[in-house]
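Worksheet: the structure to be examined is printed underneath.
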Amino acid sequence: MQNSSMQALTAAQKKAVKHLEGPLLVIAGPGSGKTRVITYRIAALIDAGVPPYNICAVTFTNKAADEMAQRVLRMGTPPGAQISTFHSLCVRILREFASRADTKPNFTIYDASDQAVTMKQAVKLSELDTSNFPPARMRDAVSTLKSRLITTSQFEKQADDFFSKALLQIYKKYQKILAENNALDFDDLLLKTAFLLEGSPDVCNKLGNRFKFLLIDEYQDTNHAQYRIAKALASSHNNICATGDPDQSIYRWRGADIRNILAFEEDWPDAKIVKLEKNFRSTPNILKAADNLISENQNRKLKKLVPTKPSAEEVEITCCEDEFEEADNLAEKIKKLAENGTSLSDCAVFYRVNSASRVIEEALIKNKIPYQIVRGVEFYSRKEIRDILAYLKILVNPDDQTSLLRIINTPPRGIGKTSIQRIRDYALNNNITFYEALKKPDNIKTLSTAPRKKIAAFFGMIEGFKKNLDSEIAPLIERVFVESSLKKSLQDAGEEKIDAIQNVEELINAAAQYDSETEKPSLLDYLQQISLFTDADSYDTITNKVALMTLHAAKGLEFENVFIIALEDGLLPHERSSNEHDQIEEERRLFFVGITRAKSLLNISFAKYRTFRGQLLRSIPSPFLYELGIDFQENSSNLQSRFSDTSSGEPYYESLNSTEQQPRFRKGALVRHPTFGLGRVQQFNDMGENSTVTIKFNTGQTKTLMLKYAKLTKTGK
DNA sequence: CATAGCCGCCTTTTT
DNA sequence: GGCGGCTATG
């Protein structure tokens with residue numbers, strides 16, 4: 001690397017870049033250039049004579065990996081370094097060492113929705129009720145176990161209560177189904193890799209020798225499985241460099257273990273620690289607000305945020321009547337920015353829940369402001385996309401029954417439920433797979449002639465697709481789309497399915513891109529890559545559009561102008577995270593992450609009323625707003641419009657009581673009902689004299705009552 | 001076997 | 001307010 005390019009770095013950054021060998025931990029606040037340090041380190045290593053293929057950098061998202069790879073190239077370094085997420089790295093390792101990892105290389109990767117389908121089967125097979133054991137919750141429970149590398153046999157030892165025992169059965173069945181389908185879920189990718197590395201010293205050595213330098217970004221959000229993989233990979237050479245910021249840990253709910261970063265020095269006793277505290281991103285006002293907020297977290301190590309930018313505009317907190325006014329306000333402000341020459345790609349809107357985007361979208365459309373939503377897996381979870389992908393998946397992995405069952409009668413081709421059950425029974429009795437049973441439908445005596453013919457035709461079609469799986473993907477998808485009649489069925493459905501057709505066309509375009517970028521395109525590789533892909537990865541930073549995303553998706557990004565909306569109690573912090581102190585702290589970190597994305601302009605807004613599940617509800621400003629050290633008005637200009645309301649000055653909820661005859665009840669308030677007794681308010685629906693209140697009574701029952709008839713009295717204070 | 005319509009369920013964040 | 005699943009009907 002040229003010295004001139006090193007001059008772009010601060011002294012602390014240089015220190016981190018230059019320390020090439022041995023364990024290194026970079027603790028760095030937001031906007032301090034930690035990703036930059038990793039990028040420069042890769043270049044510096046190559047500069048020092050390390051072959052690129054000896055370098056393995058792990059990022060948090062595919063998008064981050066892409067950007068890092070490009071930056072390294074732009075620094076004039078030769079390509080060849082492994083730069084990817086943990087999951088992609090694991091796919092690569094598992095495919096190479098499949099036999100040693102007790103898998104086949106052509107495994108299908110199951111995403112959250114496939115997992116839910118599989119889990120449902122597992123619950124049923126365990127002869128348990130899906131209402132007592134909701135598949136989604138069971139999926140999360142199993143996922144948590146797996147991310148901690150707790151196998152069924154290990155869990156067996158600690159499962160002593162009723163629920164755990166049931167969970168164990170479900171877990172076992174779930175794994176069995178996955179194995180039968182030759183499928184791995186996200187957690188398996190990590191778990192299998194971790195056990196492969198720990199259980200096969202020769203494989204571990206081989207990989208340790210290949211990846212002589214391991215660099216991990218966003219280390220605070222690694223889970224236990226990832227931690228064990230990292231440890232195994234670096235065990236032979238100790239060349240591990242991790243960067244992270246405990247204050248930006250926002251994935252605890254997904255198994256991220258903050259202890260990984262806190263205990264780095266114990267794991268690697270001779271670790272060198274570098275702290276980066278200078279912030280090159282945000283103005284002092286923004287940093288002050290961020291610092292005030294995060295200081296409220298008790299469970300944290302003190303860290304400074306030292307501004308380097310000159311002072312500029314104040315952080316603004318806007319109070320709105322409802323979500324529509326909030327959206328209009330926002331659109332108006334962005335419009336003004338654009339008129340003053342700001343590029344729309346410099347503007348971003350963050351929210352806690354995806355559903356908050358809709359109203360914003362509508363306002364932006366109304367004001368003709370182009371935008372893009374950076375959403376999790378929206379695109380790949382569309383029905384038509386999943387259908388096409390299911391066709392493709394069974395081409396490389398015929399054991400994937402989940403995909404096969406999805407499309408055997410999609411579009412309808414006369415192979416109904418009864419026929420499918422008969423095929424299943426036949427396969428089971430003859431100890432063959434479902435797909436094998438389709439080969440000779442005439443052998444399935446329980447089937448009548450019509451379905452037999454249809455099955456034969458279906459089987460022939462699938463086999464026909466199987467020619468040339470190691471060539472370009474785009475033409476294959478096109479062929480599948482047409483020959484499966486999916487295209488025709490969408491066309492016949494008319495107007496409302498036009499989007500669906502366009503989505504498939506978009507998929508074909510993306511596949512063409514893959515074809516042109518990949519040296520040796522293969523369907524297997526394409527599918528395994530795409531399974532780890534999210535919409536956020538295709539987020540385009542160049543186009544002149546406002547970016548809309550969740551606070552989680554905002555991690556790692558930065559924008560000149562940031563709008564954070566819906567700062568209301570129950571939304572941020574989210575009500576599902578309001579029970580434990582730890583959860584509240586994570587919500588606070590989430591807000592912190594959002595704030596620190598802003599370079600110069602930060603606008604935070606909340607609404608006094610918000611429609612929630614179809615009902616207009618009164619909302620309370622987020623407690624976090626009071627922690628920023630910024631004065632704000634709880635009134636908006638046209639406050640009196642729809643509801644007679646607050647006189648300012650008093651705390652919010654109390655002022656509600658004073659103006660109307662009807663008493664109002666805050667969520668969580670303790671009340672007494674003449675017949676049901678004591679209970680706690682779960683929800684208060686403010687509809688004037690028709691207000692209703694939902695109360696969970698101590699008897700266990702939950703009731704929604706009309707306020708004017710229910711003779712409620714407040715207890716306590 | 002396919003479809004329409006109804007009911008009840010859930011609804012945080014995502015690699 | 002949206003979706004999956006179930007049921008009744010053609």
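Please note that chains go A, B, ... in the order of the structure tokens, that every chain numbers its residues from 1, and that ligands are numbered from 1 in the order shown.
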
**Request:** Starting from chain C, keep only residues with some atom at most 12 Å from an atom of chain A, counting only C-alpha atoms (C1' of nucleotides), and report them as a list in words.
**Result:** DG1, DG2 and DG4 of chain C

**Interface list for chain A, partner chain B, 10 Å threshold, only C-alpha atoms (C1' of nucleotides), as a PyMOL selection string** = chain A and resi 60-62+85-88+111-112+131+186-187+250-251+253-254+352-355+375-377+412-418+531-534+550-553+571+574-577+587+590+613

**Item:** Residues within 9 Å of A:Met138, only C-alpha atoms (C1' of nucleotides), excluding chain neighbours under 3 positions, as a PyMOL selection string
**Value:** chain A and resi 116+119-120+123+133-135+141-143+167+170-171

Once you have the residues from the selection above, write them out as a PDB file, in the first residue's frame, restricted to N, CA and C atoms.
ATOM      1  N   ALA A 116     -40.687 -22.607   9.177  1.00  0.00           N
ATOM      2  CA  ALA A 116     -41.998 -22.630   9.823  1.00  0.00           C
ATOM      3  C   ALA A 116     -42.839 -23.798   9.304  1.00  0.00           C
ATOM      4  N   MET A 119     -41.404 -26.897  10.754  1.00  0.00           N
ATOM      5  CA  MET A 119     -41.692 -26.962  12.175  1.00  0.00           C
ATOM      6  C   MET A 119     -43.123 -27.404  12.429  1.00  0.00           C
ATOM      7  N   LYS A 120     -43.993 -26.963  11.573  1.00  0.00           N
ATOM      8  CA  LYS A 120     -45.387 -27.354  11.721  1.00  0.00           C
ATOM      9  C   LYS A 120     -45.522 -28.874  11.575  1.00  0.00           C
ATOM     10  N   VAL A 123     -44.190 -30.519  14.735  1.00  0.00           N
ATOM     11  CA  VAL A 123     -45.109 -30.473  15.875  1.00  0.00           C
ATOM     12  C   VAL A 123     -46.194 -31.528  15.708  1.00  0.00           C
ATOM     13  N   PHE A 133     -48.429 -25.431  20.887  1.00  0.00           N
ATOM     14  CA  PHE A 133     -47.023 -25.296  20.517  1.00  0.00           C
ATOM     15  C   PHE A 133     -46.935 -24.611  19.153  1.00  0.00           C
ATOM     16  N   PRO A 134     -47.145 -23.290  19.145  1.00  0.00           N
ATOM     17  CA  PRO A 134     -47.167 -22.560  17.873  1.00  0.00           C
ATOM     18  C   PRO A 134     -45.845 -22.741  17.111  1.00  0.00           C
ATOM     19  N   PRO A 135     -45.940 -23.190  15.867  1.00  0.00           N
ATOM     20  CA  PRO A 135     -44.733 -23.476  15.081  1.00  0.00           C
ATOM     21  C   PRO A 135     -43.722 -22.331  15.074  1.00  0.00           C
ATOM     22  N   ALA A 141     -37.492 -21.201  19.360  1.00  0.00           N
ATOM     23  CA  ALA A 141     -36.893 -21.896  20.496  1.00  0.00           C
ATOM     24  C   ALA A 141     -35.784 -22.828  20.015  1.00  0.00           C
ATOM     25  N   VAL A 142     -36.080 -23.569  18.943  1.00  0.00           N
ATOM     26  CA  VAL A 142     -35.068 -24.480  18.397  1.00  0.00           C
ATOM     27  C   VAL A 142     -33.885 -23.687  17.859  1.00  0.00           C
ATOM     28  N   SER A 143     -34.203 -22.575  17.221  1.00  0.00           N
ATOM     29  CA  SER A 143     -33.145 -21.743  16.660  1.00  0.00           C
ATOM     30  C   SER A 143     -32.199 -21.253  17.748  1.00  0.00           C
ATOM     31  N   LEU A 167     -40.470 -29.815  23.701  1.00  0.00           N
ATOM     32  CA  LEU A 167     -39.578 -29.120  22.772  1.00  0.00           C
ATOM     33  C   LEU A 167     -38.506 -30.067  22.233  1.00  0.00           C
ATOM     34  N   ILE A 170     -39.960 -32.186  19.564  1.00  0.00           N
ATOM     35  CA  ILE A 170     -40.149 -31.386  18.356  1.00  0.00           C
ATOM     36  C   ILE A 170     -38.810 -31.128  17.665  1.00  0.00           C
ATOM     37  N   TYR A 171     -37.832 -30.789  18.452  1.00  0.00           N
ATOM     38  CA  TYR A 171     -36.482 -30.524  17.935  1.00  0.00           C
ATOM     39  C   TYR A 171     -35.970 -31.746  17.175  1.00  0.00           C
TER      40      TYR A 171
END
